[in-house]
>>> print(open('my_file_24.pdb').read())   # PDB, C-alpha atoms
ATOM      1  CA  MET D  30     -15.473 -69.046 -22.225
ATOM      2  CA  ASN D  31     -12.703 -70.109 -19.828
ATOM      3  CA  GLN D  32     -11.940 -68.590 -16.455
ATOM      4  CA  ASN D  33      -9.064 -66.357 -17.565
ATOM      5  CA  ASN D  34     -10.987 -64.929 -20.475
ATOM      6  CA  ILE D  35     -13.988 -64.065 -18.306
ATOM      7  CA  VAL D  36     -11.858 -62.433 -15.648
ATOM      8  CA  LYS D  37      -9.821 -60.509 -18.232
ATOM      9  CA  LYS D  38     -12.988 -59.428 -20.006
ATOM     10  CA  TYR D  39     -14.790 -58.104 -17.003
ATOM     11  CA  THR D  40     -12.116 -56.976 -14.527
ATOM     12  CA  LYS D  41     -10.513 -53.574 -15.055
ATOM     13  CA  MET D  42      -7.753 -52.205 -12.878
ATOM     14  CA  GLY D  43      -8.365 -48.703 -11.544
ATOM     15  CA  ILE D  44      -5.648 -46.244 -10.683
ATOM     16  CA  ILE D  45      -5.404 -42.768  -9.342
ATOM     17  CA  ALA D  46      -5.216 -40.490 -12.386
ATOM     18  CA  ALA D  47      -1.887 -38.664 -12.758
ATOM     19  CA  ALA D  48      -2.346 -34.949 -12.144
ATOM     20  CA  VAL D  49      -0.473 -31.799 -13.011
ATOM     21  CA  ILE D  50      -0.787 -29.401 -10.083
ATOM     22  CA  ALA D  51      -0.238 -25.716 -10.742
ATOM     23  CA  VAL D  52      -0.046 -23.240  -7.863
ATOM     24  CA  ALA D  53       0.571 -20.045  -9.778
ATOM     25  CA  VAL D  54      -1.905 -20.318 -12.646
ATOM     26  CA  LEU D  55      -1.468 -17.838 -15.471
ATOM     27  CA  GLY D  56      -4.789 -16.375 -16.642
ATOM     28  CA  ILE D  57      -5.627 -17.048 -20.291
ATOM     29  CA  LEU D  58      -7.719 -14.378 -21.961
ATOM     30  CA  ALA D  59     -10.424 -15.813 -24.217
ATOM     31  CA  ILE D  60     -10.283 -14.039 -27.555
ATOM     32  CA  SER D  61     -13.248 -14.000 -29.848
ATOM     33  CA  ALA D  62     -12.781 -12.639 -33.336
ATOM     34  CA  THR D  63     -16.081 -11.060 -34.215
ATOM     35  CA  ARG D  64     -15.047 -10.279 -37.778
ATOM     36  CA  THR D  65     -13.541 -12.837 -40.099
ATOM     37  CA  ASN D  66     -11.107 -10.224 -41.513
ATOM     38  CA  ARG D  67      -9.752  -9.176 -38.123
ATOM     39  CA  SER D  68      -5.933  -9.378 -38.120
ATOM     40  CA  LEU D  69      -3.971 -11.525 -35.684
ATOM     41  CA  ASP D  70      -2.179  -8.464 -34.299
ATOM     42  CA  SER D  71      -5.530  -6.849 -33.576
ATOM     43  CA  ALA D  72      -6.870  -9.996 -31.942
ATOM     44  CA  LEU D  73      -3.780 -10.148 -29.696
ATOM     45  CA  SER D  74      -3.918  -6.492 -28.723
ATOM     46  CA  ASP D  75      -5.313  -7.134 -25.230
ATOM     47  CA  VAL D  76      -2.779  -9.852 -24.341
ATOM     48  CA  SER D  77      -0.111  -8.549 -21.993
ATOM     49  CA  THR D  78       3.596  -9.247 -22.427
ATOM     50  CA  ASN D  79       3.937 -10.365 -18.804
ATOM     51  CA  ALA D  80       5.256 -13.896 -18.217
ATOM     52  CA  ALA D  81       6.988 -15.794 -15.463
ATOM     53  CA  THR D  82      10.773 -16.025 -15.763
ATOM     54  CA  ALA D  83      12.900 -19.004 -14.856
ATOM     55  CA  ALA D  84      14.471 -17.184 -11.928
ATOM     56  CA  GLU D  85      11.042 -16.722 -10.352
ATOM     57  CA  LEU D  86       9.896 -20.332 -10.674
ATOM     58  CA  ARG D  87      10.225 -23.101  -8.087
ATOM     59  CA  ILE D  88       9.469 -26.375  -9.852
ATOM     60  CA  ALA D  89       9.132 -29.950  -8.584
ATOM     61  CA  VAL D  90       8.328 -33.360 -10.039
ATOM     62  CA  ILE D  91       6.003 -36.003  -8.614
ATOM     63  CA  SER D  92       5.493 -39.654  -9.571
ATOM     64  CA  MET D  93       1.865 -40.703  -9.095
ATOM     65  CA  ASP D  94       2.763 -44.284 -10.053
ATOM     66  CA  LYS D  95       5.338 -44.463  -7.260
ATOM     67  CA  ILE D  96       2.867 -43.019  -4.769
ATOM     68  CA  GLN D  97       0.306 -45.640  -5.685
ATOM     69  CA  MET D  98       2.837 -48.442  -5.316
ATOM     70  CA  ASN D  99       4.456 -47.295  -2.058
ATOM     71  CA  ALA D 100       1.850 -45.435   0.014
ATOM     72  CA  LYS D 101       0.542 -47.641   2.834
ATOM     73  CA  VAL D 102      -3.088 -46.665   2.377
ATOM     74  CA  LEU D 103      -2.994 -47.562  -1.307
ATOM     75  CA  GLN D 104      -1.192 -50.847  -0.654
ATOM     76  CA  ASP D 105      -3.936 -51.666   1.843
ATOM     77  CA  LEU D 106      -6.608 -50.816  -0.714
ATOM     78  CA  HIS D 107      -4.949 -53.016  -3.361
ATOM     79  CA  LYS D 108      -5.002 -55.961  -0.927
ATOM     80  CA  GLN D 109      -8.699 -55.464  -0.237
ATOM     81  CA  ARG D 110      -9.525 -55.436  -3.932
ATOM     82  CA  ALA D 111      -7.393 -58.544  -4.497
ATOM     83  CA  SER D 112      -9.286 -60.312  -1.704
ATOM     84  CA  PHE D 113     -12.640 -59.683  -3.384
ATOM     85  CA  GLU D 114     -11.199 -60.734  -6.736
ATOM     86  CA  ASP D 115      -9.983 -63.996  -5.181
ATOM     87  CA  LYS D 116     -13.482 -64.669  -3.854
ATOM     88  CA  LEU D 117     -14.886 -64.032  -7.312
ATOM     89  CA  LYS D 118     -12.316 -66.355  -8.867
ATOM     90  CA  THR D 119     -13.204 -69.105  -6.377
ATOM     91  CA  LYS D 120     -16.894 -68.742  -7.187
ATOM     92  CA  LEU D 121     -16.117 -68.845 -10.908
ATOM     93  CA  GLU D 122     -14.075 -72.036 -10.567
ATOM     94  CA  LYS D 123     -16.798 -73.748  -8.520
ATOM     95  CA  GLU D 124     -19.568 -72.820 -10.952
ATOM     96  CA  GLN D 125     -17.460 -73.815 -13.951
ATOM     97  CA  LYS D 126     -16.854 -77.289 -12.544
ATOM     98  CA  ALA D 127     -20.604 -77.764 -12.072
ATOM     99  CA  LEU D 128     -21.267 -76.605 -15.633
ATOM    100  CA  GLU D 129     -18.541 -78.836 -17.060
ATOM    101  CA  LYS D 130     -20.110 -81.827 -15.311
ATOM    102  CA  GLU D 131     -23.523 -80.870 -16.662
ATOM    103  CA  LYS D 132     -22.120 -80.572 -20.176
ATOM    104  CA  SER D 133     -20.479 -83.997 -19.873
ATOM    105  CA  ASP D 134     -23.748 -85.531 -18.637
ATOM    106  CA  ILE D 135     -25.643 -84.024 -21.560
ATOM    107  CA  GLU D 136     -23.160 -85.425 -24.048
ATOM    108  CA  LYS D 137     -23.407 -88.899 -22.474
ATOM    109  CA  SER D 138     -27.214 -88.857 -22.574
ATOM    110  CA  GLN D 139     -27.598 -87.874 -26.225
ATOM    111  CA  ASP D 140     -28.413 -91.423 -27.264
ATOM    112  CA  VAL D 141     -30.623 -92.115 -24.247
ATOM    113  CA  LEU D 142     -32.883 -89.102 -23.796
ATOM    114  CA  ALA D 143     -35.711 -88.204 -26.102
ATOM    115  CA  GLN D 144     -35.027 -85.238 -28.358
ATOM    116  CA  GLU D 145     -37.381 -82.970 -26.430
ATOM    117  CA  ALA D 146     -35.849 -83.874 -23.049
ATOM    118  CA  LEU D 147     -32.325 -83.434 -24.417
ATOM    119  CA  GLN D 148     -33.238 -80.036 -25.823
ATOM    120  CA  ARG D 149     -34.555 -78.926 -22.414
ATOM    121  CA  ARG D 150     -31.265 -79.893 -20.758
ATOM    122  CA  VAL D 151     -29.275 -78.021 -23.400
ATOM    123  CA  VAL D 152     -31.432 -74.907 -22.958
ATOM    124  CA  ASP D 153     -31.055 -75.107 -19.169
ATOM    125  CA  TYR D 154     -27.283 -75.515 -19.493
ATOM    126  CA  GLN D 155     -27.050 -72.455 -21.745
ATOM    127  CA  ARG D 156     -29.210 -70.453 -19.349
ATOM    128  CA  ARG D 157     -26.931 -71.340 -16.436
ATOM    129  CA  LEU D 158     -23.815 -70.487 -18.465
ATOM    130  CA  ASN D 159     -25.220 -67.103 -19.483
ATOM    131  CA  GLY D 160     -26.242 -66.442 -15.888
ATOM    132  CA  LEU D 161     -22.725 -67.215 -14.652
ATOM    133  CA  GLN D 162     -21.133 -64.873 -17.162
ATOM    134  CA  ARG D 163     -23.584 -62.111 -16.243
ATOM    135  CA  ASP D 164     -23.035 -62.653 -12.515
ATOM    136  CA  ILE D 165     -19.244 -62.568 -12.860
ATOM    137  CA  ALA D 166     -19.435 -59.385 -14.944
ATOM    138  CA  GLU D 167     -21.704 -57.638 -12.439
ATOM    139  CA  LYS D 168     -19.584 -58.615  -9.449
ATOM    140  CA  ALA D 169     -16.345 -57.583 -11.202
ATOM    141  CA  GLN D 170     -17.891 -54.206 -11.985
ATOM    142  CA  ALA D 171     -19.053 -53.888  -8.367
ATOM    143  CA  ILE D 172     -15.499 -54.547  -7.137
ATOM    144  CA  GLU D 173     -14.148 -51.908  -9.475
ATOM    145  CA  ALA D 174     -16.801 -49.373  -8.444
ATOM    146  CA  SER D 175     -16.039 -49.825  -4.727
ATOM    147  CA  TYR D 176     -12.312 -49.626  -5.398
ATOM    148  CA  GLN D 177     -12.631 -46.429  -7.425
ATOM    149  CA  ASP D 178     -14.862 -44.830  -4.775
ATOM    150  CA  ALA D 179     -12.215 -45.546  -2.138
ATOM    151  CA  LEU D 180      -9.472 -44.182  -4.410
ATOM    152  CA  ASN D 181     -11.425 -40.976  -4.974
ATOM    153  CA  THR D 182     -11.921 -40.551  -1.226
ATOM    154  CA  ILE D 183      -8.215 -41.046  -0.570
ATOM    155  CA  GLN D 184      -7.247 -38.578  -3.257
ATOM    156  CA  LYS D 185      -9.705 -35.844  -2.268
ATOM    157  CA  LYS D 186      -9.507 -36.232   1.513
ATOM    158  CA  HIS D 187      -5.860 -37.123   1.995
ATOM    159  CA  LEU D 188      -3.555 -37.073  -1.049
ATOM    160  CA  ASP D 189      -4.552 -33.707  -2.514
ATOM    161  CA  PRO D 190      -4.225 -31.881   0.852
ATOM    162  CA  VAL D 191      -0.808 -33.504   1.398
ATOM    163  CA  ILE D 192       0.434 -32.376  -2.020
ATOM    164  CA  GLU D 193      -0.988 -28.890  -1.512
ATOM    165  CA  GLY D 194       0.625 -28.693   1.935
ATOM    166  CA  ILE D 195       4.052 -29.648   0.555
ATOM    167  CA  ILE D 196       3.636 -27.149  -2.282
ATOM    168  CA  ALA D 197       2.897 -24.414   0.262
ATOM    169  CA  LYS D 198       5.737 -25.412   2.608
ATOM    170  CA  LYS D 199       8.313 -25.538  -0.180
ATOM    171  CA  LYS D 200       6.797 -22.449  -1.839
ATOM    172  CA  LEU D 201       6.601 -24.203  -5.175
ATOM    173  CA  SER D 202       5.307 -22.544  -8.310
ATOM    174  CA  LEU D 203       4.613 -25.701 -10.276
ATOM    175  CA  VAL D 204       4.513 -29.466  -9.763
ATOM    176  CA  ILE D 205       4.469 -31.709 -12.828
ATOM    177  CA  ASP D 206       3.885 -35.401 -13.444
ATOM    178  CA  GLY D 207       7.278 -37.101 -13.496
ATOM    179  CA  ARG D 208       6.229 -39.418 -16.331
ATOM    180  CA  MET D 209       6.001 -36.416 -18.617
ATOM    181  CA  ALA D 210       9.231 -34.788 -17.496
ATOM    182  CA  ARG D 211      12.817 -35.368 -18.609
ATOM    183  CA  VAL D 212      15.319 -34.094 -16.075
ATOM    184  CA  GLY D 213      19.041 -34.333 -15.475
ATOM    185  CA  ASN D 214      20.633 -36.097 -12.512
ATOM    186  CA  ASP D 215      22.275 -32.926 -11.259
ATOM    187  CA  VAL D 216      19.054 -31.216 -10.202
ATOM    188  CA  ALA D 217      18.802 -31.441  -6.404
ATOM    189  CA  GLU D 218      15.524 -31.560  -4.469
ATOM    190  CA  LEU D 219      13.462 -31.742  -7.661
ATOM    191  CA  ASP D 220      11.462 -34.928  -6.948
ATOM    192  CA  ILE D 221       9.058 -34.569  -4.016
ATOM    193  CA  THR D 222       7.478 -38.034  -4.365
ATOM    194  CA  ASP D 223       9.143 -39.463  -1.247
ATOM    195  CA  ASP D 224       7.994 -36.457   0.776
ATOM    196  CA  VAL D 225       4.442 -37.050  -0.412
ATOM    197  CA  VAL D 226       4.547 -40.771   0.453
ATOM    198  CA  LYS D 227       6.032 -40.211   3.914
ATOM    199  CA  THR D 228       3.543 -37.467   4.739
ATOM    200  CA  LEU D 229       0.596 -39.456   3.404
ATOM    201  CA  ASP D 230       1.680 -42.483   5.476
ATOM    202  CA  LYS D 231       1.664 -40.312   8.604
ATOM    203  CA  LYS D 232      -1.775 -38.942   7.774
ATOM    204  CA  VAL D 233      -3.516 -42.204   6.864
ATOM    205  CA  SER D 234      -2.376 -45.826   6.600
ATOM    206  CA  SER D 235      -5.612 -47.651   5.751
ATOM    207  CA  MET D 236      -8.968 -47.036   4.102
ATOM    208  CA  LYS D 237     -11.808 -49.557   4.272
ATOM    209  CA  MET D 238     -13.183 -50.343   0.853
ATOM    210  CA  ALA D 239     -16.983 -50.638   0.816
ATOM    211  CA  THR D 240     -18.188 -54.197   0.336
ATOM    212  CA  PRO D 241     -19.034 -54.566  -3.375
ATOM    213  CA  LYS D 242     -22.636 -55.333  -4.259
ATOM    214  CA  GLY D 243     -23.241 -59.069  -4.341
ATOM    215  CA  PHE D 244     -20.561 -60.037  -1.788
TER
END
>>> encode(input="my_file_24.pdb", output="structure tokens")
Amino acid sequence: MNQNNIVKKYTKMGIIAAAVIAVAVLGILAISATRTNRSLDSALSDVSTNAATAAELRIAVISMDKIQMNAKVLQDLHKQRASFEDKLKTKLEKEQKALEKEKSDIEKSQDVLAQEALQRRVVDYQRRLNGLQRDIAEKAQAIEASYQDALNTIQKKHLDPVIEGIIAKKKLSLVIDGRMARVGNDVAELDITDDVVKTLDKKVSSMKMATPKGF
């Protein structure tokens, strides 16, 4: 297995999950039909006709992708992860060169070594190859785990409070993920992403990622 395949196989990129934040949450009454012949009208009898109207709603859109790309703390975190991945890549390249040399030596000695001795070298080579693949996989998973832990801390400790603070200050009723929204260009002050990024940058600009296991 070559270097790119191993890295692609074992390295996953984590991101902050896109969220839909609702401030005014409408209660949903759980309805349980105790009789199979109960009519729909009867089942709906306890549901009120109350609903929010457009005039009462203050809606905004937020782009989680843009926040991840532009917020200083997340840019810093990306760089830290990339640094560990570079170290892993360097280790992989070094170990692969050693294994390639070993494989070449085995091939050259086929006509010289006794069958039993040749078999031992082949078994040892395979053991080292399997160990390298396992080590790379474990270290890639450790990088991802540390990265995700840092992301979760940023989101819970910093990003969520920032979003909630902007929602309160602007007195918003609902904030939706911009990737799921289709809006016209004539709607002013709808996207609050830049406000979130600027506020988050003021609150925190870096977050140390825990050293992954094995580094």
>>> resolve_selection(input="my_file_24.pdb", expression="the PyMOL selection byres ((chain D and resi 87) around 8)", output="list of chain:residue names")
D:Glu85, D:Leu86, D:Ile88, D:Ala89, D:Lys200, D:Leu201, D:Ser202, D:Leu203
>>> closest_residue(input="my_file_24.pdb", among="D:Lys237, D:Lys186, D:Arg157, D:Arg163", to="D:Ala127", atoms="all atoms listed in the file")
D:Arg157
>>> atom_distance(input="my_file_24.pdb", atom1="atom CA of D:Asp230", atom2="atom CA of D:Lys199")
19.1 Å
>>> resolve_selection(input="my_file_24.pdb", expression="the PyMOL selection byres ((chain D and resi 102) around 12)", output="number ranges by chain")
D: 96-101, 103-109, 179-180, 182-184, 187-188, 226-238
>>> closest_residue(input="my_file_24.pdb", among="D:Lys132, D:Lys120, D:Lys168, D:Lys126", to="D:Pro241", atoms="all atoms listed in the file")
D:Lys168
>>> atom_distance(input="my_file_24.pdb", atom1="atom CA of D:Asp153", atom2="atom CA of D:Asp134")
12.7 Å
>>> atom_distance(input="my_file_24.pdb", atom1="atom CA of D:Phe244", atom2="atom CA of D:Lys185")
26.5 Å
